[in-house]
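Peer 1: Input file: my_file.csv. Contents: CSV, C-alpha atoms.
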chain,number,residue,atom,x,y,z
A,184,ASP,CA,105.9,65.3,120.4
A,185,GLY,CA,102.4,66.7,121.3
A,186,GLY,CA,101.4,69.9,119.7
A,187,ILE,CA,99.2,71.8,117.4
A,188,THR,CA,99.8,72.0,113.6
A,189,GLN,CA,98.5,74.6,111.3
A,190,SER,CA,98.7,74.4,107.5
A,191,PRO,CA,99.6,75.9,105.2
A,192,LYS,CA,101.9,78.5,106.5
A,193,TYR,CA,101.1,80.9,103.6
A,194,LEU,CA,97.9,80.9,101.6
A,195,PHE,CA,96.9,83.1,98.7
A,196,ARG,CA,93.2,83.5,97.8
A,197,LYS,CA,91.6,85.0,94.7
A,198,GLU,CA,88.6,87.2,95.0
A,199,GLY,CA,85.4,85.2,95.3
A,200,GLN,CA,87.1,82.0,96.4
A,201,ASN,CA,86.6,80.0,99.6
A,202,VAL,CA,89.7,78.7,101.3
A,203,THR,CA,90.1,76.3,104.2
A,204,LEU,CA,92.8,76.5,106.9
A,205,SER,CA,93.8,73.4,108.6
A,206,CYS,CA,94.3,73.0,112.4
A,207,GLU,CA,95.2,69.6,114.0
A,208,GLN,CA,96.2,68.8,117.6
A,209,ASN,CA,97.4,65.7,119.3
A,210,LEU,CA,97.2,67.0,122.8
A,211,ASN,CA,93.9,65.4,123.6
A,212,HIS,CA,92.5,68.9,124.3
A,213,ASP,CA,88.7,69.3,124.4
A,214,ALA,CA,88.7,73.0,123.4
A,215,MET,CA,89.9,74.6,120.2
A,216,TYR,CA,89.9,78.2,119.0
A,217,TRP,CA,90.4,80.3,115.9
A,218,TYR,CA,91.7,83.9,116.2
A,219,ARG,CA,92.5,86.5,113.6
A,220,GLN,CA,95.4,89.0,114.1
A,221,ASP,CA,95.8,92.1,112.1
A,222,PRO,CA,99.0,94.4,112.2
A,223,GLY,CA,99.1,96.3,115.5
A,224,GLN,CA,96.1,94.5,116.8
A,225,GLY,CA,95.6,91.9,119.4
A,226,LEU,CA,93.9,88.6,118.7
A,227,ARG,CA,90.2,88.6,117.9
A,228,LEU,CA,88.1,85.5,118.4
A,229,ILE,CA,86.4,84.0,115.3
A,230,TYR,CA,85.0,80.7,116.5
A,231,TYR,CA,85.6,78.3,119.4
A,232,SER,CA,84.6,74.7,120.2
A,233,GLN,CA,84.6,73.2,123.6
A,234,ILE,CA,83.5,69.7,122.5
A,235,VAL,CA,83.1,67.6,119.3
A,236,ASN,CA,80.2,68.5,117.1
A,237,ASP,CA,79.6,71.8,118.9
A,238,PHE,CA,81.0,75.3,118.3
A,239,GLN,CA,80.2,78.9,119.1
A,240,LYS,CA,80.6,82.2,117.3
A,241,GLY,CA,83.2,84.6,118.5
A,242,ASP,CA,83.3,88.4,118.0
A,243,ILE,CA,84.0,88.4,114.3
A,244,ALA,CA,82.4,85.2,112.9
A,245,GLU,CA,80.8,86.8,109.8
A,246,GLY,CA,82.3,85.4,106.6
A,247,TYR,CA,83.8,82.4,108.3
A,248,SER,CA,82.7,78.8,109.0
A,249,VAL,CA,84.0,75.9,111.0
A,250,SER,CA,83.4,72.2,111.8
A,251,ARG,CA,84.4,70.0,114.6
A,252,GLU,CA,83.8,66.4,113.5
A,253,LYS,CA,86.8,65.0,115.3
A,254,LYS,CA,88.4,66.0,118.6
A,255,GLU,CA,91.8,66.5,116.9
A,256,SER,CA,90.6,68.7,114.0
A,257,PHE,CA,89.1,72.2,113.8
A,258,PRO,CA,89.3,73.5,110.2
A,259,LEU,CA,88.3,77.1,109.4
A,260,THR,CA,86.8,78.1,106.0
A,261,VAL,CA,87.2,81.7,104.9
A,262,THR,CA,84.3,82.3,102.6
A,263,SER,CA,83.8,84.8,99.8
A,264,ALA,CA,81.5,86.7,102.1
A,265,GLN,CA,84.5,87.8,104.2
A,266,LYS,CA,85.4,91.1,102.6
A,267,ASN,CA,88.7,91.7,104.2
A,268,PRO,CA,90.3,88.3,104.8
A,269,THR,CA,94.0,89.3,104.5
A,270,ALA,CA,95.3,88.6,108.0
A,271,PHE,CA,97.3,86.2,110.2
A,272,TYR,CA,95.2,83.3,111.5
A,273,LEU,CA,96.0,81.5,114.7
A,274,CYS,CA,94.6,78.3,116.0
A,275,ALA,CA,94.8,77.3,119.6
A,276,SER,CA,93.7,74.4,121.9
A,277,GLY,CA,93.1,74.2,125.6
A,278,ILE,CA,92.5,71.4,128.1
A,279,ASP,CA,89.1,72.8,128.8
A,280,ARG,CA,87.4,76.2,129.2
A,281,SER,CA,89.7,77.0,132.2
A,282,GLY,CA,92.4,78.4,130.0
A,283,TYR,CA,95.0,75.9,131.2
A,284,GLY,CA,97.3,74.3,128.7
A,285,TYR,CA,96.5,77.0,126.0
A,286,THR,CA,98.7,76.0,123.1
A,287,PHE,CA,99.0,77.9,119.8
A,288,GLY,CA,99.9,76.8,116.4
A,289,SER,CA,102.4,78.7,114.3
A,290,GLY,CA,99.8,80.4,112.2
A,291,THR,CA,98.6,80.8,108.6
A,292,ARG,CA,99.2,84.0,106.8
A,293,LEU,CA,96.3,84.5,104.3
A,294,THR,CA,96.7,87.1,101.5
A,295,VAL,CA,94.0,88.0,98.9
A,296,VAL,CA,95.5,88.5,95.4
B,223,LYS,CA,81.7,93.3,127.3
B,224,GLN,CA,85.2,92.6,128.6
B,225,GLU,CA,87.9,94.8,127.3
B,226,VAL,CA,91.6,94.4,127.8
B,227,THR,CA,94.0,97.3,127.5
B,228,GLN,CA,97.8,97.1,127.5
B,229,ILE,CA,100.1,100.1,128.1
B,230,PRO,CA,102.5,101.0,126.7
B,231,ALA,CA,102.0,99.8,123.1
B,232,ALA,CA,105.8,99.8,122.5
B,233,LEU,CA,108.8,100.0,124.7
B,234,SER,CA,112.5,100.3,124.0
B,235,VAL,CA,115.1,99.8,126.7
B,236,PRO,CA,118.8,99.1,127.0
B,237,GLU,CA,120.0,95.7,128.1
B,238,GLY,CA,120.0,95.1,131.8
B,239,GLU,CA,117.0,97.3,132.7
B,240,ASN,CA,114.1,96.1,134.8
B,241,LEU,CA,110.8,96.9,133.3
B,242,VAL,CA,107.1,96.7,133.9
B,243,LEU,CA,104.3,96.0,131.3
B,244,ASN,CA,100.8,96.9,132.3
B,245,CYS,CA,97.4,95.3,131.6
B,246,SER,CA,94.0,96.4,132.6
B,247,PHE,CA,90.6,94.8,132.2
B,248,THR,CA,87.1,96.2,132.6
B,249,ASP,CA,85.2,93.2,134.1
B,250,SER,CA,86.7,91.8,137.3
B,251,ALA,CA,84.7,88.5,137.0
B,252,ILE,CA,87.5,86.5,135.6
B,253,TYR,CA,88.8,82.9,136.1
B,254,ASN,CA,92.4,83.7,135.5
B,255,LEU,CA,94.8,85.9,133.5
B,256,GLN,CA,97.7,84.8,131.3
B,257,TRP,CA,100.7,86.5,129.8
B,258,PHE,CA,101.9,85.3,126.4
B,259,ARG,CA,104.9,86.1,124.3
B,260,GLN,CA,104.8,86.3,120.5
B,261,ASP,CA,107.8,86.5,118.2
B,262,PRO,CA,107.3,88.1,114.8
B,263,GLY,CA,105.3,85.9,112.5
B,264,LYS,CA,104.9,83.2,115.0
B,265,GLY,CA,102.3,81.8,117.3
B,266,LEU,CA,102.0,82.6,121.0
B,267,THR,CA,103.8,81.0,124.0
B,268,SER,CA,102.2,81.0,127.4
B,269,LEU,CA,104.5,82.6,130.0
B,270,LEU,CA,102.5,82.8,133.2
B,271,LEU,CA,99.0,82.0,134.3
B,272,ILE,CA,97.5,83.6,137.5
B,273,GLN,CA,94.4,82.2,139.0
B,274,SER,CA,91.8,84.8,140.2
B,275,SER,CA,92.5,83.8,143.8
B,276,GLN,CA,96.3,84.4,143.4
B,277,ARG,CA,98.2,87.6,143.7
B,278,GLU,CA,101.3,86.7,141.7
B,279,GLN,CA,103.2,84.1,139.8
B,280,THR,CA,107.0,83.9,139.1
B,281,SER,CA,109.0,82.1,136.4
B,282,GLY,CA,112.7,82.9,136.3
B,283,ARG,CA,113.2,86.6,135.6
B,284,LEU,CA,109.4,87.1,135.0
B,285,ASN,CA,106.9,88.0,137.7
B,286,ALA,CA,103.3,88.6,137.1
B,287,SER,CA,100.9,90.2,139.6
B,288,LEU,CA,97.1,90.4,139.6
B,289,ASP,CA,94.8,92.8,141.4
B,290,LYS,CA,91.5,91.5,140.4
B,291,SER,CA,89.4,94.1,142.3
B,292,SER,CA,91.0,97.0,140.5
B,293,GLY,CA,91.2,95.1,137.1
B,294,ARG,CA,95.0,95.3,136.8
B,295,SER,CA,97.9,93.1,136.1
B,296,THR,CA,101.6,93.8,135.6
B,297,LEU,CA,104.4,91.7,134.1
B,298,TYR,CA,107.8,92.5,135.6
B,299,ILE,CA,110.9,91.5,133.6
B,300,ALA,CA,114.1,91.7,135.6
B,301,ALA,CA,117.5,92.3,134.0
B,302,SER,CA,116.2,92.5,130.4
B,303,GLN,CA,118.1,90.8,127.6
B,304,PRO,CA,118.0,91.2,123.8
B,305,GLY,CA,116.4,87.8,123.6
B,306,ASP,CA,113.4,89.2,125.5
B,307,SER,CA,112.5,91.4,122.4
B,308,ALA,CA,109.0,90.3,121.4
B,309,THR,CA,105.4,91.3,121.7
B,310,TYR,CA,103.8,90.5,125.1
B,311,LEU,CA,100.1,89.9,125.3
B,312,CYS,CA,97.8,89.8,128.2
B,313,ALA,CA,94.6,87.7,128.1
B,314,VAL,CA,91.7,87.1,130.6
B,315,ASN,CA,89.6,84.0,130.8
B,316,GLN,CA,85.9,84.4,131.7
B,317,ALA,CA,83.5,81.6,132.4
B,318,GLY,CA,82.3,79.8,129.3
B,319,THR,CA,84.3,81.8,126.7
B,320,ALA,CA,87.7,81.8,125.1
B,321,LEU,CA,90.6,84.0,126.2
B,322,ILE,CA,90.1,87.7,125.5
B,323,PHE,CA,93.3,89.4,124.5
B,324,GLY,CA,94.8,92.9,124.7
B,325,LYS,CA,96.6,94.4,121.7
B,326,GLY,CA,100.0,93.7,123.3
B,327,THR,CA,103.2,95.6,124.1
B,328,THR,CA,106.1,95.3,121.7
B,329,LEU,CA,109.4,95.3,123.6
B,330,SER,CA,112.8,96.0,122.1
B,331,VAL,CA,115.9,95.4,124.2
B,332,SER,CA,119.1,96.8,122.7
B,333,SER,CA,122.6,95.4,123.5
Using the file provided, produce a representation of the structure as structure tokens.

Peer 2:
Amino acid sequence: DGGITQSPKYLFRKEGQNVTLSCEQNLNHDAMYWYRQDPGQGLRLIYYSQIVNDFQKGDIAEGYSVSREKKESFPLTVTSAQKNPTAFYLCASGIDRSGYGYTFGSGTRLTVV
Amino acid sequence: KQEVTQIPAALSVPEGENLVLNCSFTDSAIYNLQWFRQDPGKGLTSLLLIQSSQREQTSGRLNASLDKSSGRSTLYIAASQPGDSATYLCAVNQAGTALIFGKGTTLSVSS
């Protein structure tokens, strides 16, 4: 079955640590996206990539980094510079920038301990 | 900068009611608009996508309309059921960017 997989489902981070969230898709989609969701808030865009080896900052990119070395994979690293990382992180992919075929993963809940 | 607003933030209705969720956006230069459903602690599922040239889209008991010039969209849910309880998010697509989301409307349908 085609889809988008995020792992892990739950992640705990100590102060000062970097952590990486995985996002893999087998839909052959060109575009991939990372969003952050806080309670009572909508989705805020962190980074997006419309082609391999290229990515763009979203509205809240500070303290995050990404890579897009393969079409299927778009990992997100939450660095120690992100002061308030506790949130629900959602990865999505799309056929292209048109918005068609937008498919979301099931999310990773990150908690700072 | 595009801003998407959804009203109301929360809605509780008894089973069987017809209901309308509202979405407004500040910049009418959009490619399309989508409505998504999110269950608690889960990812999002696309419900309906309306192209900027279209006025409405229908899927089962759901009907979404778009008035691009006034920056408004509505999601109409007919004969609501407890299984419709979820958060509904509206998102717009502008050229060259990712989807921009509203904060959502959380719907509770009681039996």

Peer 1: B:Arg283, B:Arg294, B:Arg277, B:Arg259: which is nearest chain A, counting all atoms listed in the file?

Peer 2: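 Under the stated criterion, the closest residue is B:Arg259.
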
Peer 1: Could you state the separation of atom CA of B:Ser250 and atom CA of B:Thr227 in Å, given to one decimal place?

Peer 2: 13.4 Å

Peer 1: Mind checking which residues fall within 8 Å of A:Tyr285, counting all atoms listed in the file, ignoring those fewer than 3 positions away in the same chain, and posting them as an NGL selection string?

Peer 2: (:A and (275-278 or 282)) or (:B and (268))

Peer 1: When you draw a straight line from atom CA of B:Ala308 to atom CA of B:Gly265, how long is it in Å?

Peer 2: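 Value for the atom CA of B:Ala308-atom CA of B:Gly265 distance: 11.6 Å.
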
Peer 1: May I ask you to extract the residues of chain B within 10 Å of chain A, using all atoms listed in the file, and to give them as a ChimeraX atom specification?

Peer 2: /B:226-228,231,253-256,258,263-268,271,273,311-328

Peer 1: Within 7 Å of B:Ser330, counting only C-alpha atoms, which residues show up once you throw out same-chain ones fewer than 6 positions away? Write them as an MDAnalysis selection string, please.

Peer 2: chainID B and resid 233:235 307:308

Peer 1: Rank nothing, just name the residue among B:Ile252, B:Pro304, B:Tyr310, B:Trp257 nearest to B:Ser275, using only C-alpha atoms.

Peer 2: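 Going through B:Ile252, B:Pro304, B:Tyr310, B:Trp257 one by one, the smallest distance to B:Ser275 is for B:Ile252.
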
Peer 1: Would you compute the distance between atom CA of B:Ser292 and atom CA of A:Ile229? Give it in Å to one decimal.

Peer 2: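 So the two atoms, atom CA of B:Ser292 and atom CA of A:Ile229, lie 28.7 Å apart.
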
Peer 1: Find the residues near A:Gly199: any atom within 7 Å, counting all atoms listed in the file, skip ones fewer than 2 places away on the same chain, and give them as a PDB file with C-alpha atoms, keeping the file's coordinate frame.

Peer 2:
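Generated output (around_22.pdb):
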ATOM      1  CA  LYS A 197      91.600  85.000  94.700  1.00  0.00           C
ATOM      2  CA  ASN A 201      86.600  80.000  99.600  1.00  0.00           C
ATOM      3  CA  SER A 263      83.800  84.800  99.800  1.00  0.00           C
TER       4      SER A 263
END

Peer 1: Would you list the residues near (78.6, 86.2, 107.7) (no more than 8 Å away, in the coordinates of the file, using all atoms listed in the file) as a list in words?

Peer 2: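 Output: Ala244, Glu245, Gly246, Tyr247, Ala264 and Gln265 of chain A.
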
Peer 1: For a quick check of your reading of the model, name the residues lying within 7 Å of the coordinate (102.7, 89.1, 140.2), counting all atoms listed in the file, and write them as number ranges by chain.

Peer 2: B: 277-280, 285-288, 296-297

Peer 1: Pick out the residues sitting within 7 Å of A:Val249, and hand them over as a PyMOL selection string; count all atoms listed in the file, and ignore anything fewer than 2 positions along from it in its own chain.

Peer 2: chain A and resi 251+257-260

Peer 1: Rank A:Arg196, A:Lys240, A:Lys254, A:Lys266 by their smallest atom-to-atom distance to A:Leu210, using only C-alpha atoms, and report the top residue only.

Peer 2: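 Of all the options, A:Lys254 lies closest to A:Leu210.
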
Peer 1: Find the residue from A:Val261, A:Ala270, A:Ile187, A:Val296 that sits nearest to A:Glu207; use all atoms listed in the file when measuring.

Peer 2: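 Smallest distance to A:Glu207 is found for A:Ile187.
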